[in-house]
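Notes follow the structure.
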Amino acid sequence: MFDNLKKFGCDGCGGGSAENSTPEGGCTHDCGSCPSASGCGSFDPKSLIEKTNEHNNIKKVIAIVSGKGGVGKSLVTSMMSVTMRRRGFNVGVMDADVTGPSIPKAFGITENASAVEEGILPLNTSTGIATMSVNNLLDDDTDPVLWRGPVIAGLVKQFWTDVLWGDIDYLFVDMPPGTGDVPLTVFQSLPVDGIIVVTSPQDLVSMVVTKAIKMAEMMDVPVIGLVENYSYFKCPDCGSEISIFGDSKVDEVAESFDIPVLAKLPIDPKLAAKCDAGAIETFEGNWLDDAADKVQNV
């Protein structure tokens with residue numbers, strides 16, 4: 001197999017193409033134009049970084065990721081953006097979870113996005129957080145997005161290149177779960193400064209979190225730390241903390257990768273109610289303060 005690949009300029013790593021080969025059959029290392037770049041051992045992810053709109057000044061890009069769905073990734077994204085906004089920073093939220101967008105609902109945004117000659121205008125929340133989601137482009141926010149992976153990935157890339165984010169200190173990217181097309185596109189196309197991995201206490205989630213961390217390492221993206229959601233429920237009568245989903249495994253996973261646990265979020269009906277009401281900007285609690293400190297030091 002490797003002998004056949006070598007005629008296309010591959011060194012046996014699975015990548016390379018005729019267009020990116022030297023006359024001697026070696027790789028030119030021009031990853032930006034190589035269709036097999038992501039499968040190549042000499043691939044440099046930073047070579048595919050897209051330029052954002054010329055009117056933007058985005059200082060830091062922080063992606064919120066998870067190995068599987070349903071662990072509260074969008075909740076953490078929303079709460080992190082609110083926390084940083086409360087600290088006086090200019091904040092944006094890019095909803096890259098195109099088939100399961102949650103950001104507009106959490107912030108109570110129902111308007112459609114509009115555009116000017118220079119690009120697409122983001123929608124601002126009540127406290128001035130700039131947001132962009134596919135739900136702001138649909139006629140009805142309950143319409144499903146029946147697109148294949150490359151089309152979805154292209155839209156996410158446009159959120160970076162075409163949206164007029166303006167002057168942003170921290171752009172949080174709410175990623176879809178897993179390690180598929182869109183996470184790969186974000187890591188390749190955006191200058192991600194670090195990721196926060198969201199998990200829950202179960203053993204299964206620890207396994208898929210490990211996959212997410214390893215993907216970040218392969219893409220040369222720093223892992224800021226872990227946030228465990230659904231960590232416990234605090235009894236309103238006696239104040240005891242009950243581990244409904246079993247004993248936490250997040251400390252073990254964090255130690256194995258030498259990364260910090262940034263927060264352990266409780267099961268709190270009040271948080272869920274605020275998301276449902278589009279009022280996440282009014283949440284009360286300091287669970288993510290340590291995470292915000294880490295983000296500021298990225």
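Scheme for the structure tokens: letters A, B, ... for chains in order shown; per-chain residue numbers from 1; ligand numbers from 1 in order shown.
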
Report as a VMD selection string: the residues of stretch 7-235 of chain A with a DSSP assignment of alpha helix (DSSP H), based on the backbone of this structure.
-> chain A and resid 73 to 86 103 to 107 149 to 161 181 to 189 203 to 218

Find the residues near A:Asp258: any atom within 12 Å, counting only C-alpha atoms, skip ones fewer than 6 places away on the same chain, and give them as a PyMOL selection string.
-> chain A and resi 213+222-226+250-252

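With only C-alpha atoms as the atoms that count, the minimum distance from A:Leu288 to the choices A:Asp181, A:Met218, A:Ser78, A:Ile58 is reached by A:Ser78.
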
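For the residues A:Gly180, A:Gly108, A:Pro269, A:Gly128, ranking by smallest atom-to-atom distance to A:Arg148 using only C-alpha atoms places A:Gly180 first.
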
What separation in Å, quoted to one decimal, exists between atom CA of A:Thr99 and atom CA of A:Leu138?
-> 12.1 Å

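Nearest to A:Val227 of all the residues A:Trp147, A:Trp287, A:Phe159, A:Phe107 is A:Trp287, counting only C-alpha atoms.
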